[in-house]
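Undergrad: Take this structure, written in structure tokens, and hold onto it; I'll ask about it next.
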Amino acid sequence: MASIEEIRDGRLQKLQLLADKGIEAYPASATASLTNAEAVEKFETLKDNEPVTLVGRILSLRAQGKIIFITFDDGTARFQALLKSGEPLPEEDFELFQNAFDIGDFVEIRGVLFLTKREERTVLAESVRMLAKSLRPLPEKWHGLADTEERFRKRYLDLISNPEVKERFILRSKLITEIRRILDDAGYLEVETPALQPIYGGASAEPFVTHHNALDTDLYLRISDELYLKRLLAGGFPKVYEIARDFRNEGIDHTHNPEFTMLEFYEAYSDAPRQMQFVETMMKTLVKKLFNKDTVEWEGEVIDFESDFEVVRYFELLERYAGITNPATATEKDLREKALELGIELSPADSYYKVMDNIYKKACRPKLIQPTFIIDYPQDYLPLAKKKAGEEGIVEAFQLVIGGTELVKAFSELNDPIDQRSRFEAQEKFKEEGEKDAQILDEDFIEAMEHGIPPAGGVGIGIDRLAMLFTNTHNIKEVILFPTLRPKN
């Protein structure tokens, strides 16, 4: 078998052949009278009629003497073409195709549509024009694109080789479109907030830092949109949302990528319980709209979206699955011993609540397969959430876990500037003690709160993780077109 270098050298010779004949191998434009999908859809009307012009990339080529069958794809559908030497394709054009065209080339084909004896929809080529000469073979020529990491590095080849991957990203796009429709119909306004921020905030995460030369100041890639969206509530917008790229300088695993897509939406004069109802309705609507049913398959399990979602308290989960008696009064020593028992790696700088959260993530969250709302979190766990009336040390918040994965985090938004400053100061103490992802004090945001922010309910939804659930995939890289990877060299 020829090497990649030998194949490329051969194609360069074909490129020169085209040039010698005065043929542009990379013309500026193409002229298609209809898409391949339209050719399939309108075939009965168009067959044996006027010639049509189709375009696409050659995916297969079968030569049989004086005839050649090719399959080509324009991104909407695959279609077949028949090239017959001399009838109606001129012999010299047929020979040029034989000598200069390969699988992987982009072509423009003009001819009449007809049905073969095998009842295959086909265009009988009257002319074939090169649109872009490929110099490297498609993956099939070198035994497919089997290496998983190579699939992620060369996603363009992955999409060609694996139609199910392309379908996965089409579904992701439809998911985002449906989310927008739901929020727009509910009266939310889509907005844009800064990706470069002078102070990062809105989540417990370590940021990426960069430097702006003209301003001679450090800036941070946002870890969340929250604090800017809440500023818009202060500015008088009652309902806002943003679907945005966020960035967190953290580890990479099957549910984490440093660059990811978040949906955040905020409703003035609302709260966590009402947003919980809205989220449940949204999830059920998405499943029905995308799949025309009330269930989703996930790792061999059938996820039921028709029944009411379960609601359980955070401490109750720790009792049920981690075996911690009365978690609300557990000491840090108790929690660290339990974490050690569960094989959880901890840092001496990890706060009490970070240790507790690591226990929850290891012992509890994987058990939550069916849609489950977790409520009533410890106050220090969510420093931007409002305290729950009548329950000391508890905030009014919820998370939605499905398939053992956290998809949604939401709460009644804290709008008391005095309380917010106190919470930020507590977070800064955690940071001073070595907890890198503790939140920091944002004086500008506090000032906005002092001008007044209405009571509100806010929700954050991880789009990538939701796409993983809906496509039954188990690595976040499978639903991000170009995930973050370690450099090869």
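Numbering starts fresh at 1 for the residues of each chain in the structure tokens, the chains themselves are lettered A, B, ... in the order given, and ligands are numbered from 1 as they appear.
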Just want the 8 Å neighbourhood of A:Gly56, counted on only C-alpha atoms, with same-chain residues fewer than 3 positions away dropped. Output as a PyMOL selection string.
TA: chain A and resi 72-75+106-108
Undergrad: Keeping only C-alpha atoms, take the residues you just selected and write them out as a short mmCIF file (atom, residue, chain, number, x, y, z; two decimals), in the first residue's frame.
TA:
data_model
loop_
_atom_site.label_atom_id
_atom_site.label_comp_id
_atom_site.auth_asym_id
_atom_site.auth_seq_id
_atom_site.Cartn_x
_atom_site.Cartn_y
_atom_site.Cartn_z
CA PHE A 72 -20.65 12.47 -3.84
CA ASP A 73 -21.91 14.48 -0.85
CA ASP A 74 -22.63 18.21 -0.62
CA GLY A 75 -23.37 18.19 3.11
CA PHE A 106 -14.92 18.44 -4.76
CA VAL A 107 -16.73 18.43 -8.11
CA GLU A 108 -19.56 20.05 -10.02
#
Undergrad: Report as a tab-separated table: every residue of stretch 206-275 of chain A with an atom at most 7 Å from stretch 169-191 of chain A, its closest pair of atoms, and their distance in Å to one decimal, counting only C-alpha atoms, with rows sorted by chain and ascending residue number.
TA:
residue	atom	partner	partner_atom	distance
A:Lys239	CA	A:Tyr188	CA	4.7
A:Val240	CA	A:Leu189	CA	4.7
A:Tyr241	CA	A:Glu190	CA	5.0
A:Glu242	CA	A:Val191	CA	5.6
Undergrad: Could you save the residues just selected, with N, CA and C atoms, as a CSV table (one decimal), in the first residue's frame?
TA:
chain,number,residue,atom,x,y,z
A,239,LYS,N,-36.1,39.8,32.3
A,239,LYS,CA,-35.8,38.4,32.0
A,239,LYS,C,-34.7,38.4,31.0
A,240,VAL,N,-33.5,37.9,31.3
A,240,VAL,CA,-32.4,37.8,30.4
A,240,VAL,C,-31.8,36.5,30.3
A,241,TYR,N,-31.2,36.1,29.1
A,241,TYR,CA,-30.4,34.9,29.0
A,241,TYR,C,-29.2,35.1,28.1
A,242,GLU,N,-28.2,34.2,28.3
A,242,GLU,CA,-27.1,34.2,27.4
A,242,GLU,C,-26.6,32.7,27.2
Undergrad: Which of stretch 185-302 of chain A end up as helix (DSSP H, G or I) when DSSP is run on this backbone - answer as a PDB file with N, CA and C atoms, in the first residue's frame?
TA:
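Printed below is out27.pdb as written:
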ATOM      1  N   ASP A 185     -40.033  32.411  23.792  1.00  0.00           N
ATOM      2  CA  ASP A 185     -41.488  32.330  23.985  1.00  0.00           C
ATOM      3  C   ASP A 185     -41.891  32.700  25.406  1.00  0.00           C
ATOM      4  N   GLU A 226     -22.734  35.090  35.266  1.00  0.00           N
ATOM      5  CA  GLU A 226     -23.733  35.415  36.285  1.00  0.00           C
ATOM      6  C   GLU A 226     -23.726  36.872  36.738  1.00  0.00           C
ATOM      7  N   LEU A 227     -22.565  37.384  37.137  1.00  0.00           N
ATOM      8  CA  LEU A 227     -22.554  38.700  37.772  1.00  0.00           C
ATOM      9  C   LEU A 227     -22.919  39.815  36.796  1.00  0.00           C
ATOM     10  N   TYR A 228     -22.611  39.630  35.521  1.00  0.00           N
ATOM     11  CA  TYR A 228     -23.003  40.647  34.527  1.00  0.00           C
ATOM     12  C   TYR A 228     -24.487  40.541  34.198  1.00  0.00           C
ATOM     13  N   LEU A 229     -25.012  39.337  34.139  1.00  0.00           N
ATOM     14  CA  LEU A 229     -26.447  39.188  33.881  1.00  0.00           C
ATOM     15  C   LEU A 229     -27.277  39.764  35.028  1.00  0.00           C
ATOM     16  N   LYS A 230     -26.775  39.615  36.260  1.00  0.00           N
ATOM     17  CA  LYS A 230     -27.486  40.188  37.404  1.00  0.00           C
ATOM     18  C   LYS A 230     -27.394  41.717  37.410  1.00  0.00           C
ATOM     19  N   ARG A 231     -26.304  42.262  36.864  1.00  0.00           N
ATOM     20  CA  ARG A 231     -26.227  43.714  36.690  1.00  0.00           C
ATOM     21  C   ARG A 231     -27.344  44.203  35.758  1.00  0.00           C
ATOM     22  N   LEU A 232     -27.696  43.364  34.771  1.00  0.00           N
ATOM     23  CA  LEU A 232     -28.765  43.741  33.845  1.00  0.00           C
ATOM     24  C   LEU A 232     -30.128  43.732  34.530  1.00  0.00           C
ATOM     25  N   LEU A 233     -30.301  42.861  35.523  1.00  0.00           N
ATOM     26  CA  LEU A 233     -31.525  42.919  36.333  1.00  0.00           C
ATOM     27  C   LEU A 233     -31.588  44.253  37.066  1.00  0.00           C
ATOM     28  N   ALA A 234     -30.433  44.701  37.580  1.00  0.00           N
ATOM     29  CA  ALA A 234     -30.380  46.000  38.250  1.00  0.00           C
ATOM     30  C   ALA A 234     -30.719  47.126  37.272  1.00  0.00           C
ATOM     31  N   ALA A 272     -36.047  30.296  43.257  1.00  0.00           N
ATOM     32  CA  ALA A 272     -35.608  28.945  42.893  1.00  0.00           C
ATOM     33  C   ALA A 272     -36.767  27.968  42.705  1.00  0.00           C
ATOM     34  N   PRO A 273     -37.771  27.924  43.616  1.00  0.00           N
ATOM     35  CA  PRO A 273     -38.867  26.969  43.410  1.00  0.00           C
ATOM     36  C   PRO A 273     -39.600  27.160  42.081  1.00  0.00           C
ATOM     37  N   ARG A 274     -39.836  28.411  41.692  1.00  0.00           N
ATOM     38  CA  ARG A 274     -40.527  28.636  40.423  1.00  0.00           C
ATOM     39  C   ARG A 274     -39.635  28.295  39.237  1.00  0.00           C
ATOM     40  N   GLN A 275     -38.339  28.584  39.364  1.00  0.00           N
ATOM     41  CA  GLN A 275     -37.428  28.226  38.280  1.00  0.00           C
ATOM     42  C   GLN A 275     -37.277  26.710  38.172  1.00  0.00           C
ATOM     43  N   MET A 276     -37.408  26.014  39.273  1.00  0.00           N
ATOM     44  CA  MET A 276     -37.335  24.557  39.242  1.00  0.00           C
ATOM     45  C   MET A 276     -38.489  23.992  38.410  1.00  0.00           C
ATOM     46  N   GLN A 277     -39.665  24.561  38.565  1.00  0.00           N
ATOM     47  CA  GLN A 277     -40.806  24.132  37.751  1.00  0.00           C
ATOM     48  C   GLN A 277     -40.549  24.422  36.273  1.00  0.00           C
ATOM     49  N   PHE A 278     -39.978  25.613  36.000  1.00  0.00           N
ATOM     50  CA  PHE A 278     -39.699  26.002  34.618  1.00  0.00           C
ATOM     51  C   PHE A 278     -38.675  25.057  33.992  1.00  0.00           C
ATOM     52  N   VAL A 279     -37.626  24.716  34.745  1.00  0.00           N
ATOM     53  CA  VAL A 279     -36.580  23.822  34.232  1.00  0.00           C
ATOM     54  C   VAL A 279     -37.162  22.445  33.930  1.00  0.00           C
ATOM     55  N   GLU A 280     -38.004  21.929  34.805  1.00  0.00           N
ATOM     56  CA  GLU A 280     -38.601  20.616  34.558  1.00  0.00           C
ATOM     57  C   GLU A 280     -39.433  20.647  33.283  1.00  0.00           C
ATOM     58  N   THR A 281     -40.225  21.678  33.115  1.00  0.00           N
ATOM     59  CA  THR A 281     -41.029  21.812  31.899  1.00  0.00           C
ATOM     60  C   THR A 281     -40.142  21.930  30.674  1.00  0.00           C
ATOM     61  N   MET A 282     -39.058  22.712  30.789  1.00  0.00           N
ATOM     62  CA  MET A 282     -38.122  22.875  29.674  1.00  0.00           C
ATOM     63  C   MET A 282     -37.535  21.529  29.260  1.00  0.00           C
ATOM     64  N   MET A 283     -37.065  20.741  30.231  1.00  0.00           N
ATOM     65  CA  MET A 283     -36.442  19.456  29.913  1.00  0.00           C
ATOM     66  C   MET A 283     -37.430  18.515  29.233  1.00  0.00           C
ATOM     67  N   LYS A 284     -38.640  18.462  29.740  1.00  0.00           N
ATOM     68  CA  LYS A 284     -39.657  17.580  29.152  1.00  0.00           C
ATOM     69  C   LYS A 284     -40.004  18.043  27.740  1.00  0.00           C
ATOM     70  N   THR A 285     -40.075  19.352  27.534  1.00  0.00           N
ATOM     71  CA  THR A 285     -40.379  19.899  26.209  1.00  0.00           C
ATOM     72  C   THR A 285     -39.259  19.578  25.222  1.00  0.00           C
ATOM     73  N   LEU A 286     -38.000  19.715  25.666  1.00  0.00           N
ATOM     74  CA  LEU A 286     -36.870  19.432  24.788  1.00  0.00           C
ATOM     75  C   LEU A 286     -36.877  17.976  24.328  1.00  0.00           C
ATOM     76  N   VAL A 287     -37.099  17.062  25.254  1.00  0.00           N
ATOM     77  CA  VAL A 287     -37.100  15.637  24.905  1.00  0.00           C
ATOM     78  C   VAL A 287     -38.222  15.334  23.917  1.00  0.00           C
ATOM     79  N   LYS A 288     -39.384  15.877  24.180  1.00  0.00           N
ATOM     80  CA  LYS A 288     -40.534  15.639  23.298  1.00  0.00           C
ATOM     81  C   LYS A 288     -40.278  16.209  21.909  1.00  0.00           C
ATOM     82  N   LYS A 289     -39.717  17.409  21.864  1.00  0.00           N
ATOM     83  CA  LYS A 289     -39.493  18.076  20.578  1.00  0.00           C
ATOM     84  C   LYS A 289     -38.385  17.393  19.784  1.00  0.00           C
ATOM     85  N   LEU A 290     -37.304  16.992  20.441  1.00  0.00           N
ATOM     86  CA  LEU A 290     -36.156  16.418  19.745  1.00  0.00           C
ATOM     87  C   LEU A 290     -36.353  14.961  19.361  1.00  0.00           C
ATOM     88  N   PHE A 291     -37.085  14.208  20.202  1.00  0.00           N
ATOM     89  CA  PHE A 291     -37.181  12.762  19.992  1.00  0.00           C
ATOM     90  C   PHE A 291     -38.606  12.264  19.771  1.00  0.00           C
TER      91      PHE A 291
END
Undergrad: Could you give me, as a Markdown table, every stretch 71-141 of chain A residue with an atom at most 7 Å from stretch 35-53 of chain A, plus its closest atom pair and distance in Å to one decimal, counting only C-alpha atoms, rows ordered by chain then number?
TA:
| residue | atom | partner | partner_atom | distance |
| --- | --- | --- | --- | --- |
| A:Asp74 | CA | A:Asn36 | CA | 6.5 |
| A:Thr76 | CA | A:Ala37 | CA | 5.4 |
| A:Ala77 | CA | A:Ala37 | CA | 5.0 |
| A:Arg78 | CA | A:Asn36 | CA | 6.5 |
| A:Phe79 | CA | A:Asn36 | CA | 6.2 |
| A:Glu108 | CA | A:Thr53 | CA | 6.9 |
| A:Ile109 | CA | A:Thr53 | CA | 5.6 |
| A:Arg110 | CA | A:Thr53 | CA | 4.3 |
| A:Gly111 | CA | A:Pro51 | CA | 4.6 |
| A:Val112 | CA | A:Pro51 | CA | 4.3 |
| A:Leu113 | CA | A:Lys47 | CA | 4.6 |
| A:Phe114 | CA | A:Lys47 | CA | 5.1 |
Undergrad: Hey, what's within 6 Å of stretch 213-220 of chain A if we count only C-alpha atoms and toss same-chain stuff fewer than 4 positions away? As a list in words, please?
TA: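 In the requested format, the answer is Leu196, Gln197, Pro198, Phe208 and Val209 of chain A.
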Undergrad: Those residues you just picked out, can you put them in a file as a PDB file, in the first residue's frame with C-alpha atoms?
TA:
ATOM      1  CA  LEU A 196     -12.800  39.376  29.000  1.00  0.00           C
ATOM      2  CA  GLN A 197     -13.409  40.599  32.546  1.00  0.00           C
ATOM      3  CA  PRO A 198     -11.336  42.699  34.968  1.00  0.00           C
ATOM      4  CA  PHE A 208      -7.393  31.878  32.684  1.00  0.00           C
ATOM      5  CA  VAL A 209      -5.499  35.165  32.865  1.00  0.00           C
TER       6      VAL A 209
END
